[in-house]
Every structure is written in structure tokens, then in C-alpha cells.
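All remarks here apply to the structure that follows.
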Amino acid sequence: MWEEVKIFISKFFAQHTNRKIGFIGGVLVGAAVWLFGFFPTLFAFFCGVIGLYIGSRFDEGDDLIDRTLKALDKNLPEKVRQWKFKF
């Protein structure tokens, strides 16, 4: 009997991968909202999304730091530009 249960569970987890991820993610978000509150959980979620975006840009080989420094150099006033660091 235990062998049948093991086979059923292994087939279920092999076939329904996205459902598992969705269920586990929903439980984790629900627990975070319950434990910490809505807005702290929302803030942590947005920080995670921003980190995911930045990490994916680095994975693609984009030089995000260089582009950011060039944009700041172009858009900052002259008084601030004199204090910039040389990289």
C-alpha cells in the first residue's frame, strides 16, 4: 500500500509542477501577510521584483552600472558633477 502512495505522490509532483509552485507561493505570501502585515509584505515583494529585474539585466550582459553613471552624469547639474567619482 505504501508503494502505491509513493507512486501516486511522485506522479502528482511530476505532472503538476506549476500547480505546486503556485500553491507553495500562495501559502508563503499568505503567511507573510498574516505575520508581517500587508504593506511590509508588499514592500518586500517589490524589492524582490526590482532585484529580479536587475539580476536579469546582469545575466544578459548589460552594463547597468555604466549606463546609470552616464545617465547621472548627463542629467545632474554642474555643481554636483564636480564631486563625482572617477571609475
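Chains: A, B, ... in order of the C-alpha cells. Residues: from 1 per chain. Ligands: from 1, in order shown.
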Write out as a CSV table (one decimal) with N, CA and C atoms, in the first residue's frame all residues of chain A that backbone DSSP assigns to alpha helix (DSSP H).
chain,number,residue,atom,x,y,z
A,2,TRP,N,1.9,1.2,0.8
A,2,TRP,CA,2.8,2.4,0.8
A,2,TRP,C,3.5,2.7,-0.5
A,3,GLU,N,3.7,1.6,-1.2
A,3,GLU,CA,4.3,1.8,-2.6
A,3,GLU,C,3.4,2.5,-3.5
A,4,GLU,N,2.1,2.2,-3.4
A,4,GLU,CA,1.1,2.9,-4.3
A,4,GLU,C,1.0,4.4,-3.9
A,5,VAL,N,1.1,4.7,-2.6
A,5,VAL,CA,1.0,6.1,-2.2
A,5,VAL,C,2.3,6.8,-2.7
A,6,LYS,N,3.4,6.2,-2.6
A,6,LYS,CA,4.7,6.8,-3.1
A,6,LYS,C,4.6,7.1,-4.6
A,7,ILE,N,4.0,6.1,-5.3
A,7,ILE,CA,3.9,6.2,-6.8
A,7,ILE,C,2.9,7.4,-7.1
A,8,PHE,N,1.8,7.4,-6.4
A,8,PHE,CA,0.8,8.5,-6.6
A,8,PHE,C,1.4,9.9,-6.4
A,9,ILE,N,2.1,10.0,-5.3
A,9,ILE,CA,2.7,11.3,-4.9
A,9,ILE,C,3.8,11.7,-5.9
A,10,SER,N,4.6,10.7,-6.3
A,10,SER,CA,5.7,11.1,-7.3
A,10,SER,C,5.1,11.4,-8.7
A,11,LYS,N,4.0,10.8,-9.1
A,11,LYS,CA,3.4,11.1,-10.3
A,11,LYS,C,2.7,12.5,-10.2
A,12,PHE,N,2.1,12.8,-9.1
A,12,PHE,CA,1.4,14.1,-8.9
A,12,PHE,C,2.4,15.2,-9.0
A,13,PHE,N,3.5,15.0,-8.3
A,13,PHE,CA,4.5,16.1,-8.3
A,13,PHE,C,5.2,16.2,-9.6
A,14,ALA,N,5.3,15.1,-10.4
A,14,ALA,CA,6.0,15.2,-11.7
A,14,ALA,C,5.1,15.8,-12.7
A,15,GLN,N,3.7,15.7,-12.6
A,15,GLN,CA,2.8,16.2,-13.6
A,15,GLN,C,2.3,17.6,-13.3
A,17,THR,N,3.7,20.5,-11.8
A,17,THR,CA,4.7,21.3,-11.3
A,17,THR,C,4.3,22.8,-11.1
A,18,ASN,N,3.6,23.4,-12.0
A,18,ASN,CA,3.1,24.7,-11.9
A,18,ASN,C,2.1,24.9,-10.8
A,19,ARG,N,1.3,23.9,-10.6
A,19,ARG,CA,0.3,24.0,-9.5
A,19,ARG,C,1.0,23.9,-8.2
A,20,LYS,N,2.0,23.1,-8.1
A,20,LYS,CA,2.8,23.1,-6.8
A,20,LYS,C,3.4,24.4,-6.5
A,21,ILE,N,4.1,25.0,-7.5
A,21,ILE,CA,4.7,26.3,-7.3
A,21,ILE,C,3.7,27.3,-6.9
A,22,GLY,N,2.6,27.4,-7.6
A,22,GLY,CA,1.5,28.3,-7.3
A,22,GLY,C,1.0,28.1,-5.9
A,23,PHE,N,0.8,26.9,-5.5
A,23,PHE,CA,0.3,26.6,-4.2
A,23,PHE,C,1.3,27.0,-3.1
A,24,ILE,N,2.5,26.7,-3.3
A,24,ILE,CA,3.5,27.0,-2.3
A,24,ILE,C,3.7,28.5,-2.2
A,25,GLY,N,3.8,29.2,-3.4
A,25,GLY,CA,3.9,30.6,-3.4
A,25,GLY,C,2.7,31.3,-2.7
A,26,GLY,N,1.5,30.8,-2.9
A,26,GLY,CA,0.3,31.4,-2.3
A,26,GLY,C,0.3,31.2,-0.8
A,27,VAL,N,0.8,30.0,-0.4
A,27,VAL,CA,0.9,29.8,1.1
A,27,VAL,C,1.9,30.7,1.7
A,28,LEU,N,3.0,30.9,1.1
A,28,LEU,CA,4.1,31.8,1.6
A,28,LEU,C,3.7,33.2,1.6
A,29,VAL,N,3.0,33.7,0.6
A,29,VAL,CA,2.5,35.1,0.6
A,29,VAL,C,1.4,35.3,1.6
A,30,GLY,N,0.5,34.3,1.8
A,30,GLY,CA,-0.5,34.4,2.8
A,30,GLY,C,0.1,34.4,4.2
A,31,ALA,N,1.1,33.6,4.4
A,31,ALA,CA,1.7,33.5,5.8
A,31,ALA,C,2.5,34.8,6.0
A,32,ALA,N,3.1,35.4,5.0
A,32,ALA,CA,3.8,36.7,5.2
A,32,ALA,C,2.9,37.8,5.5
A,33,VAL,N,1.7,37.8,4.8
A,33,VAL,CA,0.7,38.9,5.1
A,33,VAL,C,0.2,38.7,6.5
A,34,TRP,N,-0.1,37.5,6.9
A,34,TRP,CA,-0.6,37.2,8.2
A,34,TRP,C,0.4,37.6,9.3
A,35,LEU,N,1.7,37.3,9.1
A,35,LEU,CA,2.7,37.5,10.1
A,35,LEU,C,3.1,38.9,10.2
A,36,PHE,N,3.4,39.6,9.0
A,36,PHE,CA,4.0,40.9,9.0
A,36,PHE,C,3.1,42.0,8.6
A,38,PHE,N,0.2,43.6,5.5
A,38,PHE,CA,0.1,43.8,4.0
A,38,PHE,C,1.2,44.6,3.4
A,39,PHE,N,1.4,45.8,4.0
A,39,PHE,CA,2.3,46.7,3.3
A,39,PHE,C,3.8,46.3,3.5
A,40,PRO,N,4.2,45.8,4.6
A,40,PRO,CA,5.6,45.2,4.6
A,40,PRO,C,5.8,44.1,3.7
A,41,THR,N,4.8,43.2,3.5
A,41,THR,CA,4.9,42.1,2.5
A,41,THR,C,4.9,42.7,1.1
A,42,LEU,N,4.1,43.7,0.8
A,42,LEU,CA,4.1,44.3,-0.5
A,42,LEU,C,5.5,45.0,-0.8
A,43,PHE,N,6.0,45.7,0.2
A,43,PHE,CA,7.4,46.3,0.0
A,43,PHE,C,8.4,45.2,-0.3
A,44,ALA,N,8.4,44.1,0.5
A,44,ALA,CA,9.4,43.0,0.2
A,44,ALA,C,9.2,42.4,-1.2
A,45,PHE,N,7.9,42.3,-1.6
A,45,PHE,CA,7.6,41.8,-2.9
A,45,PHE,C,8.2,42.7,-4.0
A,46,PHE,N,8.0,44.0,-3.9
A,46,PHE,CA,8.5,45.0,-4.9
A,46,PHE,C,10.1,45.0,-4.9
A,47,CYS,N,10.7,44.9,-3.7
A,47,CYS,CA,12.1,44.8,-3.6
A,47,CYS,C,12.6,43.5,-4.3
A,48,GLY,N,11.9,42.4,-4.2
A,48,GLY,CA,12.3,41.2,-4.9
A,48,GLY,C,12.1,41.3,-6.4
A,49,VAL,N,11.1,42.0,-6.8
A,49,VAL,CA,10.9,42.2,-8.3
A,49,VAL,C,12.0,43.1,-8.9
A,50,ILE,N,12.4,44.2,-8.1
A,50,ILE,CA,13.4,45.0,-8.6
A,50,ILE,C,14.7,44.3,-8.6
A,51,GLY,N,15.0,43.5,-7.6
A,51,GLY,CA,16.2,42.6,-7.6
A,51,GLY,C,16.2,41.6,-8.8
A,52,LEU,N,15.1,41.0,-9.1
A,52,LEU,CA,15.0,40.1,-10.2
A,52,LEU,C,15.2,40.8,-11.5
A,53,TYR,N,14.7,42.0,-11.7
A,53,TYR,CA,15.0,42.8,-12.9
A,53,TYR,C,16.5,43.1,-13.1
A,54,ILE,N,17.1,43.6,-12.0
A,54,ILE,CA,18.5,44.0,-12.1
A,54,ILE,C,19.3,42.7,-12.3
A,55,GLY,N,19.0,41.6,-11.7
A,55,GLY,CA,19.8,40.4,-11.9
A,55,GLY,C,19.6,39.9,-13.3
A,56,SER,N,18.4,40.0,-13.8
A,56,SER,CA,18.2,39.5,-15.2
A,56,SER,C,19.0,40.4,-16.2
A,57,ARG,N,19.1,41.7,-15.9
A,57,ARG,CA,19.9,42.6,-16.8
A,57,ARG,C,21.3,42.2,-16.8
A,58,PHE,N,21.9,41.9,-15.6
A,58,PHE,CA,23.3,41.5,-15.5
A,58,PHE,C,23.5,40.1,-16.2
A,59,ASP,N,22.5,39.2,-16.1
A,59,ASP,CA,22.7,37.9,-16.8
A,59,ASP,C,22.7,38.1,-18.3
A,64,LEU,N,24.7,47.7,-16.6
A,64,LEU,CA,23.8,48.6,-16.0
A,64,LEU,C,24.4,49.7,-15.2
A,65,ILE,N,25.5,49.4,-14.5
A,65,ILE,CA,26.2,50.4,-13.7
A,65,ILE,C,26.8,51.5,-14.5
A,66,ASP,N,27.4,51.1,-15.6
A,66,ASP,CA,28.0,52.1,-16.5
A,66,ASP,C,26.9,53.0,-17.1
A,67,ARG,N,25.8,52.4,-17.6
A,67,ARG,CA,24.7,53.2,-18.1
A,67,ARG,C,24.1,54.1,-17.1
A,68,THR,N,24.0,53.7,-15.8
A,68,THR,CA,23.4,54.5,-14.8
A,68,THR,C,24.4,55.7,-14.5
A,69,LEU,N,25.7,55.5,-14.4
A,69,LEU,CA,26.6,56.5,-14.2
A,69,LEU,C,26.6,57.6,-15.3
A,70,LYS,N,26.5,57.1,-16.5
A,70,LYS,CA,26.5,58.0,-17.7
A,70,LYS,C,25.2,58.9,-17.7
A,71,ALA,N,24.1,58.2,-17.3
A,71,ALA,CA,22.8,59.0,-17.2
A,71,ALA,C,22.8,60.0,-16.1
A,72,LEU,N,23.4,59.7,-15.0
A,72,LEU,CA,23.5,60.6,-13.9
A,72,LEU,C,24.5,61.8,-14.3
A,73,ASP,N,25.6,61.5,-14.9
A,73,ASP,CA,26.5,62.5,-15.4
A,73,ASP,C,25.8,63.4,-16.4
A,74,LYS,N,25.0,62.9,-17.2
A,74,LYS,CA,24.3,63.8,-18.2
A,74,LYS,C,23.2,64.6,-17.6
A,75,ASN,N,22.5,64.1,-16.6
A,75,ASN,CA,21.4,64.8,-16.0
A,75,ASN,C,21.6,65.6,-14.8
A,78,GLU,N,25.8,71.0,-12.9
A,78,GLU,CA,27.3,71.1,-12.9
A,78,GLU,C,27.9,71.2,-11.5
A,79,LYS,N,27.2,71.7,-10.5
A,79,LYS,CA,27.7,71.7,-9.2
A,79,LYS,C,27.9,70.3,-8.6
A,80,VAL,N,27.0,69.5,-8.9
A,80,VAL,CA,27.1,68.1,-8.4
A,80,VAL,C,28.1,67.3,-9.2
A,81,ARG,N,28.2,67.6,-10.5
A,81,ARG,CA,29.1,66.8,-11.3
A,81,ARG,C,30.6,67.0,-10.9
